[in-house]
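Read the structure below first, then the notes.
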Amino acid sequence: MSREFQWIGKPVLRIDGVAKVTGAAMYTDDMRLPGMLVGKILRSPHPHARIRRIDTSRAEALAGVKAVVTGQDAPVRYGILAVAEDEYPLAVDKVRFVGDEVAAVAALDEATAVRALSLIEVDYEVLPAIFDPHEALIRDDVKIHEETRKANIERKVSLSFGDVEAGFSAADHVREDTFFKAAATHAPIEPHSALAQYQDGKFTLWSSTQVPHLLHRTLAKVLQMPAEQIRVIKPFLGGGFGGKGEALPLEFAACLLARKAGRPVKITHTRAEVFLTHRGRHPMHMKLKTGVKKDGSITALQFESLLDGGAYGSYGVVTLYYSGQLLTGPYVIPAFRFDGARVYTNKPPCGAQRGHGGVQPRYAFEVHLDRIATDLGIDPLAMRLKNAVEPNTRTVNELRITSCGFKECLERSSRAVSWTERRGKLPRGRGIGIAGGFYISGAGVAIYFNPMAHSSVRIEADRSGRVTVFCGASDIGQGSDTMLALVAAETIGIPPESVRVVSADTDTTPVDLGSYSSRVTFMAGNACHAAAKEVRNRVLSAVAEALDVPVDRLEICDRVVGVPDNERKSFTFAEAVALAESRGGPVCGSGGYTPPNLVGSYKGGGVGPSPAYSFGAYAAEVEVDEETGSVKVLRLAAAHDLGRALNPPAAEGQVEGATVNGLGETLLENHAFLDTGQHASPSLLEYKVPTALDVPEIEAILVESIDPEGPYGAKECGEGSLHPSIPAIVNAVYDAVGVWIHELPITPEAVLKALRKKEKP
Amino acid sequence: MALPAFRLMKPVSLTEALSTLAENPGALPVAGGTDLLVSMKQGLFNPTHLVDLKGVPDLQRIDISEHGVWLGACLRLSELRDHSEIRRRYTALSEAANLVASPPLQNRGTLGGNICLDTRCWYYNQSAFWRHSLGYCLKREGNICRVVPGSKRCYATFSSDTVPALIALGARVKLAGWHEGALTEREFPLEDFFVEDGIRRNVLRPGEVLVGLRLPPAQAIRSGYRKYRQRASIDYPLVSIAVALRIAEGKLENVRVVVGALASAPVLAVETMAVLEGSRPTPDLLGRAAEFVTKRTRPVKNQASSPAHRRHMARVLCRRLLEQIVMAPGA
């Protein structure tokens with residue numbers, strides 16, 4: 001395509017922006033249906049117990065209660081991963097964490113529903129609980145899931161690539177380090193909400209979900225209904241970050257209650273329930289061993305991870321694989337060995353969270369790399385440039401790297417903080433640090449095995465000039481609806497504001513797998529591009545016939561279709577669509593995107609491959625108060641290679657948001673539990689998400705490597721941009737006061753302790 | 001979780017408010033509601049009536065003169081924060097009001113509410129489900145302290161920001177009650193209002209209302225307030241320090257140092273005050289005085305950050321605040 005882009009690369013207003021800022025946008029909890037009941041969930045007060053008996057009769061007898069359901073109403077096991085179907089909608093035989101879902105009630109009002117919960121009698125046999133993952137690894141006397149073969153290990157993985165032994169033998173220097181990153185949780189501002197209606201034997205579920213299609217499939221399985229009898233709609237959604245990325249108990253409970261009561265039922269989580277539902281960042285214990293030559297080139301890397309999974313599988317097996325698989329970039333690692341395990345503990349289940357699987361190891365590796373550079377007396381930036389991956393290469397574990405702007409990210413972020421002039425030269429207490437990262441633009445393999453497209457788009461135009469994009473993709477605030485409008489608009493040649501988007505409704509939109517693994521711009525964008533090209537071609541072909549000119553002489557520009565600079569040979573876009581419609585049918589286009597087969601040649605080679613990878617490098621500047629131990633981040637220069645910025649302000653927003661997220665996980669956020677299993681901070685007051693005052697100046701630097709397979713060259717932006725933020729800050733703390741922090745979050749006490757330890761000879 | 005049901009009463013005079021409270025033993029007074037309503041949602045309070053004090057004109061008054069200041073209990077924290085005379089003469093109070101929670105909460109929360117703020121603890125400020133799962137605690141519905149097992153008393157933390165500043169500035173508190181159909185009043189130093197007991201907290205009797213505070217004339221008093229918290233906004237103090245003093249002929253006079261959030265009540269740091277009173281301030285003296293600031297405190301592990309670190313921060317904040325106040329150009 002030779003012509004200049006009309007809209008891509010320029011600021012485009014979000015198509016949902018006005019509705020959101022005026023309050024007109026309807027989120028799930030804003031919805032009311034005639035006769036609607038309020039649903040509430042009874043949760044386990046014990047971290048681990050067997051359910052002997054549940055008596056719901058007193059709750060059912062309470063005036064105003066219309067339905068009560070328990071695990072017996074749907075004793076069907078499910079899970080987001082086929083290899084880990086270990087959940088029931090409501091507990092059947094056991095509860096496995098404080099907050100595990102046991103029963104649900106629907107009543108005329110919330111107060112009645114809450115009272116009914118207190119009338120449900122559950123006879124528990126309390127079992128010993130495990131909270132420490134190291135204990136879970138070895139204890140066979142306590143089984144959180146009977147199916148685990150050894151102790152409470154859900155999954156173990158061992159992978160080896162290249163000649164690791166030879167790599168270490170050839171090294172001039174070998175360094176080993178251990179790290180720990182505490183759990184974090186998504187803390188979306190919109191709590192989970194699900195509204196279910198059962199009418200004429202059919203379900204409709206409005207839900208705050210990132211994955212309407214996967215939810216649709218799971219509902220069919222659990223409710224034991226044909227999928228075609230179930231409709232899932234995602235209304236406006238106020239933040240997911242991975243926490244709404246799989247079917248959740250409240251969605252099943254709402255459906256089961258609605259069917260039983262014969263009335264619509266809505267369940268909205270309280271803030272505390274949002275924290276208990278979790279599915280967030282795994283606490284991860286990590287060991288690294290790296291061999292390097294004197295010049296800094298890496299010869300081998302060995303990595304061990306232990307993931308504290310909580311009570312259920314969720315996305316955990318994928319998290320486990322990612323923890324190792326995504327360490328083979330963005331530096332050339334000639335030999336790599338990875339051993340990992342995910343264990344069950346009696347805490348809310350961990351799952352996927354922004355930057356899934358790679359965030360903890362990235363922190364560990366980038367700090368480890370700085371320590372190696374320090375051992376060798378090499379500048380950390382030079383160390384990274386020396387080992388940086390190049391475009392069009394393969395990693396040792398067979399990941400296909402195509403476009404790659406990593407070196408440019410390193411150069412631009414370091415320049416933004418005047419690295420060469422300032423690193424190691426700032427007054428004590430001030431420091432700068434740098435770190436890199438990379439991430440997938442969607443997983444190359446679908447979450448359940450199938451040969452179909454990962455994303456499909458249908459576009460319709462009619463004689464009014466209307467163009468509507470239909471796509472199953474779920475806009476969770478990241479702006480995917482606007483992305484679809486923009487790609488369709490650019491491809492067809494009409495302004496983005498004249499494109500409507502109907503998305504995330506399983507009755508009316510073709511399947512997209514959902515908003516996870518940073519896949520939507522790449523995959524739905526490509527599908528949309530294909531569909532829009534078809535619409536454009538149909539319109540142009542009709543116009544060419546009407547004007548009797550070859551199609552390649554025609555342009556669509558600013559709602560005008562015709563021969564450029566020839567007013568007599570042109571139509572308005574609406575007239576042009578009418579011409580196409582006159583050929584005997586609607587003007588439609590459809591497109592799908594299926595990634596190329598990139599699966600590695602080994603067991604486990606399905607986790608890690610992606611059609612494209614984003615790259616990033618961040619530089620952080622911090623101030624450390626050596627008397628109080630407090631770390632203040634002064635600025636972050638965040639360079640992210642996203643292929644092409646389709647809508648630059650939206651991309652900058654993603655980078656800034658991810659950076660703030662990383663800052664929170666570095667300095668404040670800890671999703672911790674008491675030794676009795678209670679959540680230590682189930683509120684936005686006590687779970688410390690950074691406030692506006694905690695956020696420093698962030699400079700989002702968009703690096704464009706123009707991906708050969710991405711829509712208009714675009715790659716992912718919203719998740720990979722989290723990875724470098726954490727280690728960049730930790731490395732800056734070293735530059736400021738000379739201590740390395742191996743456990744996150746960095747508390748002031750930990751800084752003081754490290755400083756005291758350093759003072760001792 | 002929705003608020004439990006209650007009747008909202010809106011008296012327009014102090015006598016009407018007091019008589020309403022007297023007639024309804026299950027009633028509680030409310031002003032901004034930023035503390036009480038959250039606690040009610042968590043099932044910590046179940047009043048039959050809430051008596052809204054915001055409609056009582058007497059409680060909104062602020063009078064500033066050379067004889068001192070009268071501050072009505074229902075003044076909003078943002079009014080105190082933004083009042084130029086308060087900021088100039090009673091800096092610690094203005095600084096403290098500015099550090100309560102966040103600006104939206106300062107717009108809603110009141111001075112009286114901040115003084116009567118409930119004590120706080122990990123095991124107490126939780127949902128009904130959470131407390132039920134653990135088996136409750138001494139402060140509410142249970143009979144053991146989860147922080148200090150075996151303790152007969154509750155160690156929940158005093159968490160008000162404005163109180164340390166007010167005590168340092170020599171505030172007196174005025175309470176009003178209703179006895180046999182008549183208004184009763186009492187007034188005494190604010191430090192005597194508090195009790196070192198996480199449950200009882202203060203000497204307020206049932207039905208009694210805090211109506212306001214009196215501050216002595218400023219007379220070149222220098223004062224300030226510092227707060228340690230994890231985030232730069234929203235959070236309650238992990239520790240806080242208020243200092244007020246005068247400098248006459250190079251010597252420190254009328255020194256008052258108050259520690260917040262390290263006990264169940266505010267703590268007057270009398271040892272620190274004794275070291276400073278009548279002395280010529282040197283960096284060494286200020287540092288030495290600050291070392292004593294935690295002597296009468298008893299922090300326990302009932303919130304983020306360890307007791308040892310909170311004490312350390314008290315000493316650091318105290319020294320830094322003293323240095324700032326002493327170095328400042330004369331008031």
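Chain identifiers are assigned as A, B, and so on, following the order in which chains appear in the structure tokens; residues are numbered from 1 within each chain, and ligands are numbered from 1 in order of appearance.
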For a quick test of understanding: name the residues of chain B lying within 8 Å of chain A when counting only C-alpha atoms, and present them as number ranges by chain. B: 1-2, 4, 122, 127, 129-130, 132-134, 230-235, 305, 309, 313, 316
Save out the residues we just selected, N, CA and C atoms, as a PDB file, in the first residue's frame.
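That gives us part00.pdb:
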ATOM      1  N   MET B   1     -21.268  -4.381  49.822  1.00  0.00           N
ATOM      2  CA  MET B   1     -22.247  -4.623  50.897  1.00  0.00           C
ATOM      3  C   MET B   1     -23.008  -3.331  51.178  1.00  0.00           C
ATOM      4  N   ALA B   2     -24.333  -3.437  51.227  1.00  0.00           N
ATOM      5  CA  ALA B   2     -25.152  -2.253  51.456  1.00  0.00           C
ATOM      6  C   ALA B   2     -25.138  -1.881  52.939  1.00  0.00           C
ATOM      7  N   PRO B   4     -26.641  -1.297  56.532  1.00  0.00           N
ATOM      8  CA  PRO B   4     -27.814  -1.840  57.233  1.00  0.00           C
ATOM      9  C   PRO B   4     -28.857  -0.736  57.412  1.00  0.00           C
ATOM     10  N   TRP B 122      -5.968  -4.557  62.152  1.00  0.00           N
ATOM     11  CA  TRP B 122      -6.121  -5.556  61.100  1.00  0.00           C
ATOM     12  C   TRP B 122      -7.291  -6.503  61.347  1.00  0.00           C
ATOM     13  N   SER B 127     -14.525  -7.151  56.885  1.00  0.00           N
ATOM     14  CA  SER B 127     -15.924  -7.483  56.611  1.00  0.00           C
ATOM     15  C   SER B 127     -16.448  -8.466  57.654  1.00  0.00           C
ATOM     16  N   PHE B 129     -17.831 -11.244  57.086  1.00  0.00           N
ATOM     17  CA  PHE B 129     -17.393 -12.594  56.702  1.00  0.00           C
ATOM     18  C   PHE B 129     -15.982 -12.868  57.208  1.00  0.00           C
ATOM     19  N   TRP B 130     -15.123 -11.915  57.007  1.00  0.00           N
ATOM     20  CA  TRP B 130     -13.706 -12.075  57.393  1.00  0.00           C
ATOM     21  C   TRP B 130     -13.595 -12.304  58.891  1.00  0.00           C
ATOM     22  N   HIS B 132     -15.917 -13.274  60.936  1.00  0.00           N
ATOM     23  CA  HIS B 132     -16.575 -14.538  61.269  1.00  0.00           C
ATOM     24  C   HIS B 132     -15.629 -15.715  61.001  1.00  0.00           C
ATOM     25  N   SER B 133     -14.903 -15.658  59.883  1.00  0.00           N
ATOM     26  CA  SER B 133     -14.029 -16.782  59.522  1.00  0.00           C
ATOM     27  C   SER B 133     -12.914 -16.965  60.541  1.00  0.00           C
ATOM     28  N   LEU B 134     -12.519 -15.876  61.162  1.00  0.00           N
ATOM     29  CA  LEU B 134     -11.428 -15.968  62.142  1.00  0.00           C
ATOM     30  C   LEU B 134     -11.951 -16.227  63.556  1.00  0.00           C
ATOM     31  N   GLN B 230       2.359   4.394  53.943  1.00  0.00           N
ATOM     32  CA  GLN B 230       2.973   3.700  52.821  1.00  0.00           C
ATOM     33  C   GLN B 230       2.832   4.471  51.519  1.00  0.00           C
ATOM     34  N   ARG B 231       1.636   5.007  51.288  1.00  0.00           N
ATOM     35  CA  ARG B 231       1.422   5.748  50.052  1.00  0.00           C
ATOM     36  C   ARG B 231       1.389   7.246  50.352  1.00  0.00           C
ATOM     37  N   ALA B 232       1.498   8.049  49.330  1.00  0.00           N
ATOM     38  CA  ALA B 232       1.532   9.491  49.523  1.00  0.00           C
ATOM     39  C   ALA B 232       0.150  10.088  49.776  1.00  0.00           C
ATOM     40  N   SER B 233      -0.874   9.256  49.727  1.00  0.00           N
ATOM     41  CA  SER B 233      -2.227   9.744  50.006  1.00  0.00           C
ATOM     42  C   SER B 233      -3.046   8.578  50.557  1.00  0.00           C
ATOM     43  N   ILE B 234      -4.232   8.896  51.019  1.00  0.00           N
ATOM     44  CA  ILE B 234      -5.261   7.943  51.442  1.00  0.00           C
ATOM     45  C   ILE B 234      -4.982   7.231  52.764  1.00  0.00           C
ATOM     46  N   ASP B 235      -3.753   6.741  52.957  1.00  0.00           N
ATOM     47  CA  ASP B 235      -3.503   5.849  54.088  1.00  0.00           C
ATOM     48  C   ASP B 235      -3.587   6.527  55.458  1.00  0.00           C
ATOM     49  N   SER B 305       3.883  -2.834  58.339  1.00  0.00           N
ATOM     50  CA  SER B 305       5.093  -2.266  58.926  1.00  0.00           C
ATOM     51  C   SER B 305       5.258  -2.773  60.368  1.00  0.00           C
ATOM     52  N   HIS B 309      10.018  -0.697  63.229  1.00  0.00           N
ATOM     53  CA  HIS B 309      10.217   0.297  62.175  1.00  0.00           C
ATOM     54  C   HIS B 309       9.368   1.539  62.422  1.00  0.00           C
ATOM     55  N   MET B 313      10.767   5.247  62.736  1.00  0.00           N
ATOM     56  CA  MET B 313      10.251   6.367  61.943  1.00  0.00           C
ATOM     57  C   MET B 313       9.787   7.519  62.838  1.00  0.00           C
ATOM     58  N   VAL B 316      12.910   9.466  63.641  1.00  0.00           N
ATOM     59  CA  VAL B 316      13.396  10.217  62.474  1.00  0.00           C
ATOM     60  C   VAL B 316      12.486  11.418  62.196  1.00  0.00           C
TER      61      VAL B 316
END
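Residues with any atom within 9 Å of Leu268 (chain B), counting only C-alpha atoms and excluding same-chain neighbours fewer than 5 positions away, are Pro164, Ile167, Ala168, Glu191, Arg256, Val257, Val258, Val259, Met273, Val293 and Arg296 of chain B.
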What residues in region 74-315 of chain A get the DSSP label helix (DSSP H, G or I)? Please answer as a PDB file with C-alpha atoms, in the first residue's frame.
ATOM      1  CA  ALA A  82      -8.116 -28.724  29.716  1.00  0.00           C
ATOM      2  CA  VAL A  83      -5.122 -30.085  31.671  1.00  0.00           C
ATOM      3  CA  ALA A  84      -6.372 -28.589  34.923  1.00  0.00           C
ATOM      4  CA  GLU A 110     -29.554  -7.733  49.316  1.00  0.00           C
ATOM      5  CA  ALA A 111     -30.364  -7.694  53.032  1.00  0.00           C
ATOM      6  CA  THR A 112     -32.603 -10.758  52.685  1.00  0.00           C
ATOM      7  CA  ALA A 113     -29.973 -12.554  50.627  1.00  0.00           C
ATOM      8  CA  VAL A 114     -27.315 -11.834  53.254  1.00  0.00           C
ATOM      9  CA  ARG A 115     -29.617 -13.031  56.023  1.00  0.00           C
ATOM     10  CA  ALA A 116     -30.375 -16.188  54.056  1.00  0.00           C
ATOM     11  CA  LEU A 117     -26.655 -16.954  53.797  1.00  0.00           C
ATOM     12  CA  SER A 118     -26.424 -16.983  57.578  1.00  0.00           C
ATOM     13  CA  LEU A 119     -29.256 -19.538  57.692  1.00  0.00           C
ATOM     14  CA  PRO A 133       4.692 -23.589  48.798  1.00  0.00           C
ATOM     15  CA  HIS A 134       7.855 -25.282  50.059  1.00  0.00           C
ATOM     16  CA  GLU A 135       5.743 -27.270  52.472  1.00  0.00           C
ATOM     17  CA  ALA A 136       3.285 -28.065  49.686  1.00  0.00           C
ATOM     18  CA  LEU A 137       6.149 -29.574  47.682  1.00  0.00           C
ATOM     19  CA  ILE A 138       6.852 -32.266  50.237  1.00  0.00           C
ATOM     20  CA  VAL A 164      24.050 -26.305  29.118  1.00  0.00           C
ATOM     21  CA  GLU A 165      27.039 -28.100  30.672  1.00  0.00           C
ATOM     22  CA  ALA A 166      29.332 -26.994  27.882  1.00  0.00           C
ATOM     23  CA  GLY A 167      27.986 -23.468  28.250  1.00  0.00           C
ATOM     24  CA  PHE A 168      28.925 -23.313  31.923  1.00  0.00           C
ATOM     25  CA  SER A 169      32.320 -24.947  31.235  1.00  0.00           C
ATOM     26  CA  PRO A 212     -17.045 -14.164  26.317  1.00  0.00           C
ATOM     27  CA  HIS A 213     -16.298 -17.131  24.050  1.00  0.00           C
ATOM     28  CA  LEU A 214     -14.424 -19.195  26.630  1.00  0.00           C
ATOM     29  CA  LEU A 215     -17.115 -18.399  29.191  1.00  0.00           C
ATOM     30  CA  HIS A 216     -19.748 -19.471  26.667  1.00  0.00           C
ATOM     31  CA  ARG A 217     -18.051 -22.842  26.179  1.00  0.00           C
ATOM     32  CA  THR A 218     -17.617 -23.422  29.900  1.00  0.00           C
ATOM     33  CA  LEU A 219     -21.227 -22.482  30.652  1.00  0.00           C
ATOM     34  CA  ALA A 220     -22.424 -25.049  28.117  1.00  0.00           C
ATOM     35  CA  LYS A 221     -20.317 -27.694  29.811  1.00  0.00           C
ATOM     36  CA  VAL A 222     -21.267 -26.838  33.379  1.00  0.00           C
ATOM     37  CA  LEU A 223     -24.964 -26.107  32.777  1.00  0.00           C
ATOM     38  CA  ALA A 227     -23.979 -23.804  23.523  1.00  0.00           C
ATOM     39  CA  GLU A 228     -26.493 -22.515  20.995  1.00  0.00           C
ATOM     40  CA  GLN A 229     -29.025 -22.157  23.827  1.00  0.00           C
ATOM     41  CA  PRO A 249     -18.148 -19.122  40.199  1.00  0.00           C
ATOM     42  CA  LEU A 250     -20.380 -16.049  40.289  1.00  0.00           C
ATOM     43  CA  GLU A 251     -21.243 -16.540  36.615  1.00  0.00           C
ATOM     44  CA  PHE A 252     -22.365 -20.123  37.173  1.00  0.00           C
ATOM     45  CA  ALA A 253     -24.138 -19.216  40.409  1.00  0.00           C
ATOM     46  CA  ALA A 254     -26.131 -16.444  38.685  1.00  0.00           C
ATOM     47  CA  CYS A 255     -27.221 -18.872  35.930  1.00  0.00           C
ATOM     48  CA  LEU A 256     -28.125 -21.690  38.315  1.00  0.00           C
ATOM     49  CA  LEU A 257     -30.129 -19.331  40.511  1.00  0.00           C
ATOM     50  CA  ALA A 258     -31.916 -17.737  37.534  1.00  0.00           C
ATOM     51  CA  ARG A 259     -32.955 -21.144  36.230  1.00  0.00           C
ATOM     52  CA  LYS A 260     -34.155 -22.273  39.619  1.00  0.00           C
ATOM     53  CA  ALA A 261     -35.970 -19.058  40.506  1.00  0.00           C
ATOM     54  CA  ARG A 271     -14.670  -5.338  47.034  1.00  0.00           C
ATOM     55  CA  ALA A 272     -13.553  -7.999  49.516  1.00  0.00           C
ATOM     56  CA  GLU A 273     -14.900 -10.701  47.192  1.00  0.00           C
ATOM     57  CA  VAL A 274     -12.903  -9.252  44.309  1.00  0.00           C
ATOM     58  CA  PHE A 275      -9.766  -9.856  46.367  1.00  0.00           C
ATOM     59  CA  LEU A 276     -10.867 -13.386  47.305  1.00  0.00           C
ATOM     60  CA  THR A 277     -11.611 -14.282  43.665  1.00  0.00           C
TER      61      THR A 277
END
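Nearest-residue note for Ala289 (chain B): choosing from B:Asp35, B:Glu185, B:Glu277, B:Glu208, the minimum distance belongs to B:Glu277, counting only C-alpha atoms.
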Env of Lys10 (chain B): 9 Å cut, atoms = only C-alpha atoms, seq-sep filter 6 positions within chain, self excluded. Answer as number ranges by chain. B: 17, 50-56
As an exercise, work out the distance from CA of Ala637 (chain A) to CA of Glu699 (chain A) in Å and give it to one decimal place.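 Going from CA of Ala637 (chain A) over to CA of Glu699 (chain A) covers 4.7 Å.
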